[in-house]
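Written out below as structure tokens is the structure these notes cover.
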Amino acid sequence: MDEPIPVTRDVDHGTAKLMPDVDRKRAWLLTVDGAPQSYVDLDEPAHLEFEYARRLGHVLDTVAEPGSPLDVLHLGGGALTLPRYLAATRPGSRQDVVEADRALLELVLEHLPLPDGAAVTLHTADARTWLEAAPSDSADVIVADVFGGSRVPAHLTTVAYAREAARVLRDGGVYLANLADAAPFAFLRSQLATFATRFEEVVVIAEPAVLRGRRFGNAVLVAAHHPVDTAALARLTAADAFPARVEYGPGIRAFIAGARPVRDEDAVPSPEPPAGAFGIG
């Protein structure tokens, strides 16, 4: 049997590369312009390699009864890691994926096809434009993992955007976002303040070293109109190879104190990661 070989292709927003994992038979890493974007194991779609993806997976595991299907909107596609995860862990889930880079989706589907029976519909569009046209009360979960290069685009950071997310979610729905920042957390604090204008509870999941300001890193934002099962999330994230901390309630309110919600006219992208923050060794 031939050994899998890397695939490199120019896509709409950079140069994508699919690299086989030497330790897992049918697993692949997707990078765009050298920045890691997604990891997929075709034989084990429930395997989440990246730390932030595992944290998103933990939230997805706790938002409803185990195994029950969900209607999920993914803003940002990458290699479709989380749609594959949900198709495996919550069979029958209906999923829409919005990805601006059509050539990237074509590359992924050519080399990493979706499993048979996965009810995943792909859309090539700008995430906010698609969200603004989506029906009200149509999603149980929105997962936002959109990066232009290594930065969250400015138009996906504002109160107007958060309002659209709240409109599209059902009453019991949950909004999840992969963000990245470092101390003094101007971007992360502004995002929490922004989503707190539209949701009754906001939660952050991140490595303690990131929250203590020792390094740049990912933070998962969770927003809902109902209490999030923070006890279950704390147990799950603490058991990971790289444990995370779940901040909520008074801790979040203290963290947000003084931060202003973001208006469209003031919006800026998330900060540029320092050199090597998310690089491949």
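Order determines the names: the first chain of the structure tokens is A, the second B, and so forth; residues in each chain are numbered 1 upward, and ligands are numbered 1 upward as they are shown.
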Check your understanding: Which residues come within 6 Å of segment 70-74 of chain A, counting only C-alpha atoms, excluding same-chain residues fewer than 2 positions away, as JSON, numbers by chain?
Key -> {"A": [76, 93, 94, 95, 96, 97, 139, 140, 141, 142, 143]}
Practice item. Write out as a PyMOL selection string which residues come within 10 Å of Asp240 of chain A when counting only C-alpha atoms, dropping same-chain ones fewer than 6 positions away. Key: chain A and resi 51+54-55
**Study point:** From A:Tyr39, A:Trp28, A:Tyr85, A:Phe255, residue lying nearest Val204 of chain A [only C-alpha atoms]
**Key:**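 Of all the options, A:Phe255 lies closest to Val204 of chain A.
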Exercise for review: For atom CA of Gly251 of chain A and atom CA of Val203 of chain A, quote the distance in Å rounded to one decimal.
Suggested key: 9.5 Å
Check your understanding: Pick the closest to Leu169 of chain A from A:His225, A:Arg189, A:Arg151, A:His123: which is it, counting only C-alpha atoms?
Key ->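 Closest to Leu169 of chain A, using only C-alpha atoms: A:His225.
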Practice item. Report the distance between atom CA of Gly172 of chain A and atom CA of Val63 of chain A in Å, rounded to one decimal place. Key: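 These atoms are spaced 9.1 Å apart.
Shortest separation to His47 of chain A among A:Leu82, A:Val32, A:Leu188, A:Ala165 occurs at residue A:Leu82, atoms counted being only C-alpha atoms.
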As a compact mmCIF listing (two decimals) with N, CA and C atoms, in the first residue's frame, please: all residues of segment 139-236 of chain A that backbone DSSP puts in helix (DSSP H, G or I).
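Saved file result-v4.txt follows:
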```
# COMPACT_ATOMS: atom_id res chain seq x y z
N ALA A 154 -12.78 41.27 11.87
CA ALA A 154 -13.41 42.30 12.70
C ALA A 154 -14.93 42.24 12.67
N HIS A 155 -15.52 41.94 11.50
CA HIS A 155 -16.98 42.00 11.40
C HIS A 155 -17.68 40.84 12.12
N LEU A 156 -16.88 39.91 12.67
CA LEU A 156 -17.45 38.81 13.46
C LEU A 156 -17.21 39.01 14.95
N VAL A 159 -21.50 43.74 18.43
CA VAL A 159 -22.83 43.57 19.02
C VAL A 159 -23.85 43.21 17.94
N ALA A 160 -23.75 43.83 16.77
CA ALA A 160 -24.69 43.52 15.69
C ALA A 160 -24.55 42.06 15.26
N TYR A 161 -23.34 41.56 15.21
CA TYR A 161 -23.11 40.14 14.89
C TYR A 161 -23.66 39.24 16.00
N ALA A 162 -23.40 39.59 17.25
CA ALA A 162 -23.92 38.81 18.38
C ALA A 162 -25.44 38.79 18.37
N ARG A 163 -26.05 39.92 17.98
CA ARG A 163 -27.52 39.98 17.90
C ARG A 163 -28.04 38.98 16.88
N GLU A 164 -27.37 38.88 15.73
CA GLU A 164 -27.79 37.92 14.71
C GLU A 164 -27.63 36.48 15.20
N ALA A 165 -26.53 36.21 15.90
CA ALA A 165 -26.34 34.87 16.45
C ALA A 165 -27.45 34.53 17.43
N ALA A 166 -27.80 35.46 18.30
CA ALA A 166 -28.87 35.22 19.28
C ALA A 166 -30.20 35.01 18.58
N ARG A 167 -30.44 35.70 17.47
CA ARG A 167 -31.69 35.55 16.73
C ARG A 167 -31.80 34.17 16.10
N VAL A 168 -30.71 33.68 15.54
CA VAL A 168 -30.73 32.40 14.84
C VAL A 168 -30.83 31.23 15.81
N ALA A 186 -7.38 42.61 25.86
CA ALA A 186 -8.31 43.62 25.36
C ALA A 186 -9.33 43.00 24.42
N PHE A 187 -8.88 42.10 23.54
CA PHE A 187 -9.81 41.48 22.59
C PHE A 187 -10.76 40.52 23.29
N LEU A 188 -10.25 39.60 24.08
CA LEU A 188 -11.11 38.60 24.74
C LEU A 188 -12.11 39.27 25.67
N ARG A 189 -11.67 40.25 26.43
CA ARG A 189 -12.60 40.94 27.36
C ARG A 189 -13.68 41.67 26.58
N SER A 190 -13.31 42.28 25.46
CA SER A 190 -14.32 42.98 24.66
C SER A 190 -15.32 41.99 24.06
N GLN A 191 -14.87 40.79 23.71
CA GLN A 191 -15.79 39.79 23.16
C GLN A 191 -16.76 39.29 24.23
N LEU A 192 -16.28 39.08 25.41
CA LEU A 192 -17.17 38.68 26.50
C LEU A 192 -18.19 39.78 26.79
N ALA A 193 -17.73 41.02 26.81
CA ALA A 193 -18.65 42.14 27.05
C ALA A 193 -19.67 42.24 25.92
N THR A 194 -19.23 42.00 24.70
CA THR A 194 -20.13 42.07 23.54
C THR A 194 -21.22 41.00 23.63
N PHE A 195 -20.85 39.77 23.91
CA PHE A 195 -21.85 38.70 23.95
C PHE A 195 -22.70 38.77 25.21
N ALA A 196 -22.19 39.40 26.26
CA ALA A 196 -22.99 39.60 27.47
C ALA A 196 -24.14 40.58 27.23
N PRO A 208 -4.83 27.48 32.07
CA PRO A 208 -4.48 28.41 33.14
C PRO A 208 -3.35 29.36 32.77
N ALA A 209 -2.34 28.86 32.06
CA ALA A 209 -1.21 29.72 31.69
C ALA A 209 -1.64 30.87 30.79
N VAL A 210 -2.65 30.62 29.93
CA VAL A 210 -3.17 31.69 29.08
C VAL A 210 -3.94 32.69 29.93
N LEU A 211 -4.82 32.21 30.81
CA LEU A 211 -5.63 33.10 31.63
C LEU A 211 -4.78 33.90 32.62
N THR A 230 -21.29 24.09 33.94
CA THR A 230 -19.86 24.36 34.16
C THR A 230 -19.19 23.26 34.98
N ALA A 231 -19.95 22.59 35.85
CA ALA A 231 -19.34 21.50 36.64
C ALA A 231 -18.90 20.37 35.73
N ALA A 232 -19.76 19.98 34.79
CA ALA A 232 -19.39 18.93 33.84
C ALA A 232 -18.23 19.37 32.96
N LEU A 233 -18.26 20.63 32.51
CA LEU A 233 -17.16 21.13 31.68
C LEU A 233 -15.85 21.14 32.45
N ALA A 234 -15.91 21.52 33.71
CA ALA A 234 -14.69 21.56 34.52
C ALA A 234 -14.10 20.17 34.67
N ARG A 235 -14.95 19.17 34.87
CA ARG A 235 -14.46 17.79 34.99
C ARG A 235 -13.81 17.33 33.68
N LEU A 236 -14.48 17.59 32.58
CA LEU A 236 -13.97 17.13 31.29
C LEU A 236 -12.67 17.83 30.91
```
Study note, to complete from the structure: Taken to one decimal, the atom CA of Pro113 of chain A-atom CA of Asp61 of chain A distance is 23.7 Å
Point to revise | 10 Å contact set for Gly148 of chain A, only C-alpha atoms, chain neighbours under 3 positions out, as a ChimeraX atom specification | key: /A:13-14,32,100,151-154,269-270
Practice item. Step one, run DSSP on the backbone; step two, keep only residues of segment 92-137 of chain A assigned to strand (DSSP E or B); then write them as a PyMOL selection string. Key: chain A and resi 94-99+120-124
**Study point:** Residue among A:Ala241, A:Leu179, A:Ala118, A:Leu105 lying closest to Pro91 of chain A, counting only C-alpha atoms
**Key:**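 Of A:Ala241, A:Leu179, A:Ala118, A:Leu105, the one nearest Pro91 of chain A, counting only C-alpha atoms, is A:Ala118.
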Practice item. Give the answer as one residue: which of A:Glu201, A:Asp137, A:Asp41, A:Glu207 has the shortest atom-to-atom distance to Ala223 of chain A, using only C-alpha atoms? Key: A:Glu201
Review point. What's the 9 Å shell around Thr15 of chain A, counting only C-alpha atoms, without same-chain residues fewer than 4 positions away, as number ranges by chain?
Key: A: 8-11, 31-34
